[in-house]
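What follows is one structure encoded as structure tokens, with my remarks underneath.
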Amino acid sequence: MTEQAVSNDDRDASITDPILEVRNATVKFGMDRGESRVLDDVSIDIERNEILGVVGESGSGKSMFASAFLDAIVDPGTLSGEISYYPDSGGEVDVLGLTKSELNQFRWEEIAMVFQGAMSSFNPVRKINTHFVETLTAHGDTVSEGMERARTILSDLYMDPERVLRSYPHELSGGMKQRVLIALSLVLEPEVLVMDEPTAALDLLMQRSIISLIEDIKEKYDLTIVFITHDLPLVVDLADRIGVLYAFEFIEIGPANELLEEAAHPYTRALLKSTPNLTAPVDEMRPIEGSAPDPVNEISGCSYHSRCPMADQRCEVEDPGPYIVDTDHDVHCHYWEEASEAVPMPNDGSGTETGSPDSDQPISVQTPETRPRWAGENPVLSLDDVEVHFEATQDEGLLNLFTDPETVRAVDGISFDIYENDVVVLVGESGCGKTTLGKAAVGLERPTAGRVEYRGQDVWEAKETGGDIPFEDIRQSLQIVHQDPGNALNSYRKVFSSLEEPLVRWYDDLDGNDRRQRILSMLKHVGMSPPEDYIERYPHQLSGGEQQRVALIRAMLMNPDVILADEPVSALDVSLRVEMMDLMLELQDMFDTSYLFISHDLANARYITEKTDGLIGVVYLGKLVEIGTPERIINDPQHPYTRALCWATPELLTETDRTDDSPMRKIDIPDPTDPPSGCRYHTRCPEARDVCREVEPEMVDSGTDETHQRAACFRAQENHEYWTSESIVED
Amino acid sequence: MKDSRGPTDGDGQPKAADGDGQPKAADGGSVNSPFETISDIEETRRDRYRKRYENYVYAPFSIIWDDWRARIGLAIIALYVFVGTVGVFLVEPTTNLDGSAFIQPFETWEHPFGTDRMGRDLFADTIHSTRPILIMMASGGLFTVTVGTVFGTIAGYKGGITDTVLSSITDVFINIPGLPLVIVLAVMFEPRNPVLVGILLSIAAWAGLARAIRSQVLTMRRESFTEAARAMDVSTSRIIRKDILPRLMPYIVINMMNATRNIIFSAVGLYFLGVLPFEDQNWGITLYLAYDAGAHYRPGALHWLLIPMIAIIGISVGLILLGQSLDRVFNPRVRARHRNGEAEAEGSEDVEADNTGMMKQV
Ligand code: SF4
Ligand code: SF4
């Protein structure tokens, strides 16, 4: 392999039968500050029937790339370059030369697109059926035939076609809506499916389920798929080839496995390293320093040079053309051959050392300095058999007036304790009640039964009749950091005004200048400098990570004992998550708080708990089904649901190490208004037996003296009638 | 099935359980925590006033001033206010036989707007009409907005029984026909004071606003930022003032402008119909007299009708222009851009989304 740059035309020598050829695609936006290029001279070929993964962080131009295929760049952007499409029937279509009506035919019938944010793609007052019919008629298709196809596709996506077609969009769960959207895009039998973050808003279990469905669908309908995401581990499973976008251009393209094992670009390597996962040692996970370049500034040389540890003068002036690593692996880096030394990966040299989650290799556990001594200590917060039931409010639709309101058993008898400087992470899929449970724990949601105690004082009793600890103090001690940082801050208030609020309320003795000073020093502490500039900003002028920091500081300024952090990192790019979690842990140290985390991502849960010696609690349909230390939960999960969560966590594993079959019988979580009898998981559990249907399993200890683990599954009990019971798993 | 933890062999120092919930940093936490920073400069009363001035006076005005619509609107309103306050002292009130009948406008400098059938000076008439009309508009507009906002926010935020009571009252006012009610009340009470007239005219107008605001507050109440404020134990009234009202302001301001415009139209209409008792001069009365005297077909009398009409149209155009641009004052994106003194690079669609999202909900 030589350092020989290849010209654009013959770069994709490995592509034999391209379905799409993109040449020098550039998207420009004129802006007040100057012209910005949001896609910079991108050329790529897409092979017929392959799955191409495109990975990029927010602001890397990945959505522009998706829109470019369909010539669908929104004004005032302009697209230049060449895009050719080669239909099965032969011939060549110049996509950018199509007229408006041709383009309308071309979109959807040849290339279909699935966007993120399923909600906004539907008309809320139309039934799903209408959406299909409208799409078919708009393209002049026979409706009856088309609907036949629609039904088949829907059932291929594990949905009940009749039920779904009869529903309104809001009656479907997020995962179902996303699948309906995929079905809708397939109903006109396109050749190519472009998916832009199709799963970003979903929990991991659903993401992973959809990913496995996409594989099947692709086979069945002979599709070529372009899958665009910020989540590298997610596509590694799925894609044949992966292209990594950085600063509006591809910096590396190669076969998925090769990219994973021998990524050649320093950025790809850093990205891999920054991704929380279940197997790599937590100390090896590092955020990427610095930030991506601004599209307005024309960068000379390599766009990554400001962040690259190997950058030298040549990188600053000379644009790294594609170097060939392998026949089908290109990289845009002058020094790619040295990258593996400069940015070492945890599994370098011993690539097979990483075990699958079920392997019996224990994770190395380090002992953090602040290890709480729980024995004999009183918990700060204690939940005892907490239940939160509410009536399902369906505020739309007159018809609901006549039906009885149904009770949602969001939390149904959960107990656990949080100690000083402790961390408990609740994991589970959307709709399992983990957020409601969290809010009940910090006194923001009143439990319908059970007790929430703060240092032995019942929170709600204190509020109503007063107790030993005044409610004011309890309120101050229990704080919340919300999931969506954009919404947690009032968009009409400047950062200063938002942060001043806790100080005004709780520290009378501080005057305006003191408050300002304190807020400035906090902002500086979390790395937002110059703070004088930041306090004058409105939330929309902050990035997601910065908003989250402000929300975190606001909670910290209250000096609380327990902070409920509801998915604090899931809105952030993967590479920023580790950094945010580190910051949270540092603040925990400084302020002596405990965290109650909520996450759908076991990898994040593991990162946090392993660093703090905390516990992971797995919640399923309002029940705590397993709780334990991370090494137990991940290496030896007792509950089959925990195992499913482990399966769903994207791993940086090569194909051979991976198990592809879902360890669940059903994709969708049952209706919480009517939870299954006995063990609530029995409808999806691959191990379910007759007794599971009738009897509800108790929590039993399965940890050792050193470790803590409790699970609510009969399989954790050796002499249970379960073992002689009849299996209820069909087929 | 209480969950208890197995013994652990940790060696950390458990923090003393300070059951009284005092701030922990005070009892000897880390010394260098940024949390303890305080300023060494005392904040003076003057500093505080200066900050208020910047936030509530300087910033809004400089934003408004950026927009030509607002500049014209403000100028028009300012002219009317000047006329209504100072003008009345500069110009003598007119009487019958001030000049000869039906002098045309701009014929002599003595009667720039001409005179009516009784020889009354229409210029003086217009000037002296401005004051009661302005008072009517202001009182009616303020009444609508205050009652509407108070009912709407309290019903929306408090919920429960308060909501039920307030919403029922609102619904009653929404459902009774406005104009007939006003006519009946006007005939019954014969209000002469312009403040009373203003309030009477807007007696049913606030209900629509209250309902719209309630539904908005209802959604805001569920948003994370109000939940965070509740978690910080911020008082309800402060949450409403600091978190909720600013977001409603664009809507409130536009409604205020519309309400005042409606007042002037209905006042003029009712005077014209003779439902409201005549007190001082005002444009409505002038119109009535002119019409009654057949000014619309009588040669040489048309200006008697036109002059009050122009006065009415002028102020309502001023209000429309001002109303359209006032919502910008509250838009954080505009405010942010203004602070930097330069236009920011941002997707123009965001700005739109932020603006229209609010309006669409209503
Ligand atoms: S070309 Fe230079 S700056 Fe760019 S990635 Fe390679 S070594 Fe780093
Ligand atoms: S109790 Fe039965 S159904 Fe429930 S998780 Fe265990 S094996 Fe599965």
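By order of appearance in the structure tokens: chains A, B, ..., then residues from 1 within every chain, and ligands from 1 in the order shown.
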
* To do: Find the residues near Val329 of chain B: any atom within 9 Å, counting only C-alpha atoms, skip ones fewer than 2 places away on the same chain, and give them as an NGL selection string.
  => :B and (59-61 or 63-64 or 250 or 325-327 or 331-332 or 334-335)

* Name each residue within 6 Å of ligand 2, counting only C-alpha atoms and all ligand atoms, as number ranges by chain. => A: 639-640, 679, 681-682, 685, 687-689, 692, 697, 713-715

Take the residues just selected and output them with N, CA, C and O atoms as a PDB file, in the first residue's frame.
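The file below, again21.pdb, is the result:
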```pdb
ATOM      1  N   HIS A 639     -32.328 -11.889  34.856  1.00  0.00           N
ATOM      2  CA  HIS A 639     -33.659 -11.741  34.272  1.00  0.00           C
ATOM      3  C   HIS A 639     -33.555 -11.723  32.745  1.00  0.00           C
ATOM      4  O   HIS A 639     -32.699 -11.041  32.206  1.00  0.00           O
ATOM      5  N   PRO A 640     -34.405 -12.468  32.075  1.00  0.00           N
ATOM      6  CA  PRO A 640     -34.322 -12.492  30.602  1.00  0.00           C
ATOM      7  C   PRO A 640     -34.485 -11.104  29.984  1.00  0.00           C
ATOM      8  O   PRO A 640     -33.953 -10.838  28.907  1.00  0.00           O
ATOM      9  N   CYS A 679     -45.916 -13.042  35.738  1.00  0.00           N
ATOM     10  CA  CYS A 679     -44.733 -12.270  35.408  1.00  0.00           C
ATOM     11  C   CYS A 679     -45.069 -11.414  34.203  1.00  0.00           C
ATOM     12  O   CYS A 679     -45.511 -11.919  33.180  1.00  0.00           O
ATOM     13  N   TYR A 681     -43.412 -10.092  32.072  1.00  0.00           N
ATOM     14  CA  TYR A 681     -42.594 -10.275  30.884  1.00  0.00           C
ATOM     15  C   TYR A 681     -42.988 -11.538  30.119  1.00  0.00           C
ATOM     16  O   TYR A 681     -42.439 -11.811  29.070  1.00  0.00           O
ATOM     17  N   HIS A 682     -43.941 -12.288  30.628  1.00  0.00           N
ATOM     18  CA  HIS A 682     -44.146 -13.606  30.028  1.00  0.00           C
ATOM     19  C   HIS A 682     -44.595 -13.538  28.567  1.00  0.00           C
ATOM     20  O   HIS A 682     -44.405 -14.477  27.821  1.00  0.00           O
ATOM     21  N   CYS A 685     -41.071 -13.075  26.928  1.00  0.00           N
ATOM     22  CA  CYS A 685     -39.923 -13.808  27.448  1.00  0.00           C
ATOM     23  C   CYS A 685     -39.687 -15.098  26.649  1.00  0.00           C
ATOM     24  O   CYS A 685     -40.615 -15.875  26.439  1.00  0.00           O
ATOM     25  N   GLU A 687     -38.137 -17.587  27.657  1.00  0.00           N
ATOM     26  CA  GLU A 687     -38.031 -18.708  28.597  1.00  0.00           C
ATOM     27  C   GLU A 687     -39.344 -18.952  29.329  1.00  0.00           C
ATOM     28  O   GLU A 687     -39.377 -19.723  30.272  1.00  0.00           O
ATOM     29  N   ALA A 688     -40.394 -18.244  28.935  1.00  0.00           N
ATOM     30  CA  ALA A 688     -41.622 -18.283  29.721  1.00  0.00           C
ATOM     31  C   ALA A 688     -42.196 -19.695  29.777  1.00  0.00           C
ATOM     32  O   ALA A 688     -42.166 -20.437  28.802  1.00  0.00           O
ATOM     33  N   ARG A 689     -42.679 -20.027  30.945  1.00  0.00           N
ATOM     34  CA  ARG A 689     -43.360 -21.315  31.091  1.00  0.00           C
ATOM     35  C   ARG A 689     -44.717 -21.067  31.711  1.00  0.00           C
ATOM     36  O   ARG A 689     -45.033 -19.953  32.119  1.00  0.00           O
ATOM     37  N   CYS A 692     -45.310 -18.920  34.785  1.00  0.00           N
ATOM     38  CA  CYS A 692     -45.054 -17.484  34.667  1.00  0.00           C
ATOM     39  C   CYS A 692     -46.330 -16.717  34.389  1.00  0.00           C
ATOM     40  O   CYS A 692     -46.446 -15.549  34.707  1.00  0.00           O
ATOM     41  N   PRO A 697     -43.302 -13.495  40.049  1.00  0.00           N
ATOM     42  CA  PRO A 697     -42.059 -13.847  40.749  1.00  0.00           C
ATOM     43  C   PRO A 697     -41.657 -12.780  41.769  1.00  0.00           C
ATOM     44  O   PRO A 697     -41.855 -11.592  41.546  1.00  0.00           O
ATOM     45  N   CYS A 713     -37.242 -13.220  38.798  1.00  0.00           N
ATOM     46  CA  CYS A 713     -37.520 -14.226  37.768  1.00  0.00           C
ATOM     47  C   CYS A 713     -37.353 -15.594  38.415  1.00  0.00           C
ATOM     48  O   CYS A 713     -36.448 -15.810  39.208  1.00  0.00           O
ATOM     49  N   PHE A 714     -38.247 -16.507  38.060  1.00  0.00           N
ATOM     50  CA  PHE A 714     -38.176 -17.841  38.665  1.00  0.00           C
ATOM     51  C   PHE A 714     -36.875 -18.550  38.323  1.00  0.00           C
ATOM     52  O   PHE A 714     -36.417 -19.415  39.045  1.00  0.00           O
ATOM     53  N   ARG A 715     -36.299 -18.160  37.235  1.00  0.00           N
ATOM     54  CA  ARG A 715     -35.078 -18.840  36.816  1.00  0.00           C
ATOM     55  C   ARG A 715     -33.923 -18.574  37.759  1.00  0.00           C
ATOM     56  O   ARG A 715     -32.911 -19.268  37.726  1.00  0.00           O
TER      57      ARG A 715
END
```

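When atom CA of Ile103 of chain B is paired with atom CA of Trp304 of chain B, their separation reads 10.0 Å.
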
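Distances here use only C-alpha atoms and all ligand atoms; by that measure, the residue among A:Leu79, A:Met310, A:Ala200, A:Leu615 closest to ligand 1 is A:Met310.
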
* Fewer than 5 positions away in the same chain doesn't count, so skip those; otherwise give me all residues within 9 Å of segment 41-45 of chain B, counting only C-alpha atoms, as a list in words. => Asp511, Gly512, Asn513 and Asp514 of chain A; Arg50 of chain B

* To do: Tell me which protein, DNA and RNA residues are within 9 Å of Phe390 of chain A, counting only C-alpha atoms, leaving out same-chain ones fewer than 5 positions away, and put them as a VMD selection string.
  => chain A and resid 406 to 410 448

* To do: Please extract the residues at most 12 Å from ligand 1, counting only C-alpha atoms and all ligand atoms, and provide them as a count of residues only, using the chain letters and residue numbers of this document.
  => 51

Spatial neighbours of Lys28 of chain A, 9 Å, only C-alpha atoms, chain gap at least 4 places, as an mmCIF file with all heavy atoms, in the first residue's frame:
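Written output follows (out.cif):
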```
data_model
loop_
_atom_site.group_PDB
_atom_site.id
_atom_site.type_symbol
_atom_site.label_atom_id
_atom_site.label_comp_id
_atom_site.auth_asym_id
_atom_site.auth_seq_id
_atom_site.Cartn_x
_atom_site.Cartn_y
_atom_site.Cartn_z
ATOM 1 N N GLU A 35 -20.757 32.766 2.860
ATOM 2 C CA GLU A 35 -21.299 31.564 2.286
ATOM 3 C C GLU A 35 -20.849 30.370 3.110
ATOM 4 O O GLU A 35 -19.712 30.296 3.546
ATOM 5 C CB GLU A 35 -20.766 31.433 0.873
ATOM 6 C CG GLU A 35 -21.382 30.315 0.114
ATOM 7 C CD GLU A 35 -20.984 30.402 -1.334
ATOM 8 O OE1 GLU A 35 -19.826 30.054 -1.608
ATOM 9 O OE2 GLU A 35 -21.797 30.843 -2.163
ATOM 10 N N SER A 36 -21.766 29.442 3.346
ATOM 11 C CA SER A 36 -21.298 28.272 4.068
ATOM 12 C C SER A 36 -21.522 27.041 3.219
ATOM 13 O O SER A 36 -22.541 26.888 2.561
ATOM 14 C CB SER A 36 -22.028 28.160 5.399
ATOM 15 O OG SER A 36 -23.320 27.698 5.194
ATOM 16 N N ARG A 37 -20.538 26.165 3.265
ATOM 17 C CA ARG A 37 -20.655 24.913 2.531
ATOM 18 C C ARG A 37 -21.058 23.858 3.519
ATOM 19 O O ARG A 37 -20.322 23.596 4.466
ATOM 20 C CB ARG A 37 -19.289 24.522 1.985
ATOM 21 C CG ARG A 37 -18.886 25.278 0.777
ATOM 22 C CD ARG A 37 -17.417 25.023 0.534
ATOM 23 N NE ARG A 37 -17.099 25.545 -0.779
ATOM 24 C CZ ARG A 37 -16.610 24.815 -1.753
ATOM 25 N NH1 ARG A 37 -16.344 23.548 -1.557
ATOM 26 N NH2 ARG A 37 -16.353 25.339 -2.921
ATOM 27 N N VAL A 38 -22.199 23.270 3.308
ATOM 28 C CA VAL A 38 -22.628 22.254 4.255
ATOM 29 C C VAL A 38 -22.494 20.847 3.666
ATOM 30 O O VAL A 38 -22.826 19.871 4.308
ATOM 31 C CB VAL A 38 -24.057 22.513 4.750
ATOM 32 C CG1 VAL A 38 -24.072 23.685 5.702
ATOM 33 C CG2 VAL A 38 -24.981 22.776 3.596
ATOM 34 N N LEU A 39 -22.025 20.798 2.460
ATOM 35 C CA LEU A 39 -21.613 19.515 1.886
ATOM 36 C C LEU A 39 -20.497 19.900 0.921
ATOM 37 O O LEU A 39 -20.668 20.792 0.100
ATOM 38 C CB LEU A 39 -22.771 18.841 1.145
ATOM 39 C CG LEU A 39 -22.651 17.335 0.929
ATOM 40 C CD1 LEU A 39 -22.593 16.624 2.254
ATOM 41 C CD2 LEU A 39 -23.828 16.810 0.131
ATOM 42 N N ASP A 40 -19.364 19.270 1.076
ATOM 43 C CA ASP A 40 -18.190 19.805 0.417
ATOM 44 C C ASP A 40 -17.622 18.792 -0.574
ATOM 45 O O ASP A 40 -16.848 17.924 -0.196
ATOM 46 C CB ASP A 40 -17.157 20.185 1.485
ATOM 47 C CG ASP A 40 -16.077 21.074 0.916
ATOM 48 O OD1 ASP A 40 -16.173 21.416 -0.270
ATOM 49 O OD2 ASP A 40 -15.149 21.412 1.657
ATOM 50 N N PRO A 76 -32.549 28.446 1.164
ATOM 51 C CA PRO A 76 -31.852 28.974 -0.003
ATOM 52 C C PRO A 76 -30.607 28.169 -0.376
ATOM 53 O O PRO A 76 -29.701 28.713 -1.006
ATOM 54 C CB PRO A 76 -31.459 30.371 0.475
ATOM 55 C CG PRO A 76 -31.208 30.185 1.951
ATOM 56 C CD PRO A 76 -32.100 29.075 2.405
ATOM 57 N N GLY A 77 -30.563 26.886 -0.003
ATOM 58 C CA GLY A 77 -29.382 26.104 -0.334
ATOM 59 C C GLY A 77 -29.321 25.777 -1.820
ATOM 60 O O GLY A 77 -30.336 25.652 -2.478
ATOM 61 N N THR A 78 -28.123 25.643 -2.330
ATOM 62 C CA THR A 78 -27.999 25.241 -3.722
ATOM 63 C C THR A 78 -27.104 24.014 -3.806
ATOM 64 O O THR A 78 -26.123 23.898 -3.085
ATOM 65 C CB THR A 78 -27.354 26.344 -4.566
ATOM 66 O OG1 THR A 78 -26.124 26.719 -3.930
ATOM 67 C CG2 THR A 78 -28.254 27.547 -4.681
ATOM 68 N N LEU A 79 -27.502 23.096 -4.669
ATOM 69 C CA LEU A 79 -26.773 21.851 -4.830
ATOM 70 C C LEU A 79 -26.107 21.849 -6.194
ATOM 71 O O LEU A 79 -26.737 22.122 -7.204
ATOM 72 C CB LEU A 79 -27.760 20.682 -4.704
ATOM 73 C CG LEU A 79 -27.279 19.293 -5.074
ATOM 74 C CD1 LEU A 79 -26.173 18.840 -4.132
ATOM 75 C CD2 LEU A 79 -28.437 18.310 -5.021
ATOM 76 N N SER A 80 -24.835 21.559 -6.207
ATOM 77 C CA SER A 80 -24.176 21.415 -7.497
ATOM 78 C C SER A 80 -23.466 20.068 -7.526
ATOM 79 O O SER A 80 -23.298 19.426 -6.494
ATOM 80 C CB SER A 80 -23.172 22.556 -7.699
ATOM 81 O OG SER A 80 -22.203 22.506 -6.686
#
```

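When only C-alpha atoms are used to measure the gap to chain A, the shortest distance among B:Pro277, B:Pro246, B:Gly314, B:Gly294 belongs to B:Pro246.
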
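Omitting Pro180 of chain B and its sequence neighbours fewer than 6 positions away, and counting only C-alpha atoms, the residues within 12 Å are Ala186, Val187, Leu200, Leu201, Ile203, Ala204, Ser266, Leu270 and Val275 of chain B.
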
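Of the residues in segment 403-518 of chain A, those given strand (DSSP E) by DSSP on the backbone are A:Thr407, A:Val408, A:Arg409, A:Ala410, A:Val411, A:Asp412, A:Gly413, A:Ile414, A:Ser415, A:Phe416, A:Asp417, A:Ile418, A:Val423, A:Val424, A:Val425, A:Leu426, A:Val427, A:Ala449, A:Gly450, A:Arg451, A:Val452, A:Glu453, A:Tyr454, A:Gln457, A:Asp458, A:Leu478, A:Gln479, A:Ile480, A:Val481.
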
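Closest approach to Gly30 of chain A among A:Pro675, A:Val296, A:Val235, A:Val569: A:Val296, based on only C-alpha atoms.
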
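Closest approach to chain B from the set A:Gly544, A:Gly678, A:Pro281, A:Pro485 is made by A:Pro485, with distances taken over only C-alpha atoms.
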
Excluding same-chain residues fewer than 2 positions from Gln479 of chain A, what lies within 12 Å of it counting only C-alpha atoms, as a short mmCIF file (atom, residue, chain, number, x, y, z; two decimals) with C-alpha atoms, in the first residue's frame?
```
data_model
loop_
_atom_site.label_atom_id
_atom_site.label_comp_id
_atom_site.auth_asym_id
_atom_site.auth_seq_id
_atom_site.Cartn_x
_atom_site.Cartn_y
_atom_site.Cartn_z
CA GLY A 438 -37.99 8.96 39.07
CA LYS A 439 -40.36 11.87 39.50
CA ALA A 440 -42.13 10.08 42.31
CA ALA A 441 -38.76 9.57 43.97
CA VAL A 442 -37.92 13.27 43.98
CA GLY A 443 -41.37 14.33 45.10
CA LEU A 444 -42.62 15.73 41.84
CA ASP A 473 -35.79 21.45 53.01
CA ILE A 474 -36.94 18.30 51.30
CA ARG A 475 -37.88 20.27 48.23
CA GLN A 476 -34.47 21.85 48.16
CA SER A 477 -32.74 18.52 48.54
CA VAL A 481 -32.33 17.56 35.39
CA HIS A 482 -34.67 16.98 32.49
CA PRO A 502 -32.36 29.06 42.70
CA ALA A 551 -29.60 22.82 33.48
CA LEU A 552 -27.16 20.79 35.54
CA ILE A 553 -25.65 23.87 37.19
CA ARG A 554 -29.10 25.14 38.00
CA ALA A 555 -29.88 21.95 39.85
CA MET A 556 -26.49 22.03 41.57
CA LEU A 557 -26.93 25.60 42.76
CA MET A 558 -29.74 24.30 44.93
CA ASN A 559 -27.16 22.19 46.71
CA PRO A 560 -29.37 19.11 46.64
CA ASP A 561 -28.87 15.68 48.13
CA VAL A 562 -30.35 13.74 45.27
CA ILE A 563 -30.62 14.73 41.63
CA LEU A 564 -32.91 12.92 39.27
CA ALA A 565 -31.18 13.01 35.90
CA ASP A 566 -33.66 11.92 33.28
CA THR A 593 -24.88 14.59 45.93
CA SER A 594 -26.42 11.33 44.88
CA TYR A 595 -27.83 10.69 41.45
CA LEU A 596 -30.85 8.83 40.33
CA PHE A 597 -30.21 8.36 36.64
CA GLU B 227 -41.49 21.60 36.54
CA ALA B 228 -37.90 22.55 37.26
CA ALA B 229 -39.09 25.79 38.82
CA ARG B 230 -41.55 23.91 40.98
CA ALA B 231 -38.78 21.57 42.02
CA MET B 232 -36.83 24.63 43.17
CA ASP B 233 -39.85 25.65 45.22
#
```

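Distance check against chain B using only C-alpha atoms: of A:Glu82, A:Glu721, A:Glu148, A:Asp468, the minimum falls on A:Asp468.
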
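Proximity of A:Asp71, A:Asp240, A:Glu262, A:Glu420 to chain B, computed with only C-alpha atoms, is greatest for A:Glu420.
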
* From a DSSP pass on the backbone, collect the residues of segment 473-638 of chain A flagged as alpha helix (DSSP H) and hand them back as a ChimeraX atom specification. => /A:473-477,485-488,495-506,512-525,531-534,544-557,574-591,602-612,630-635
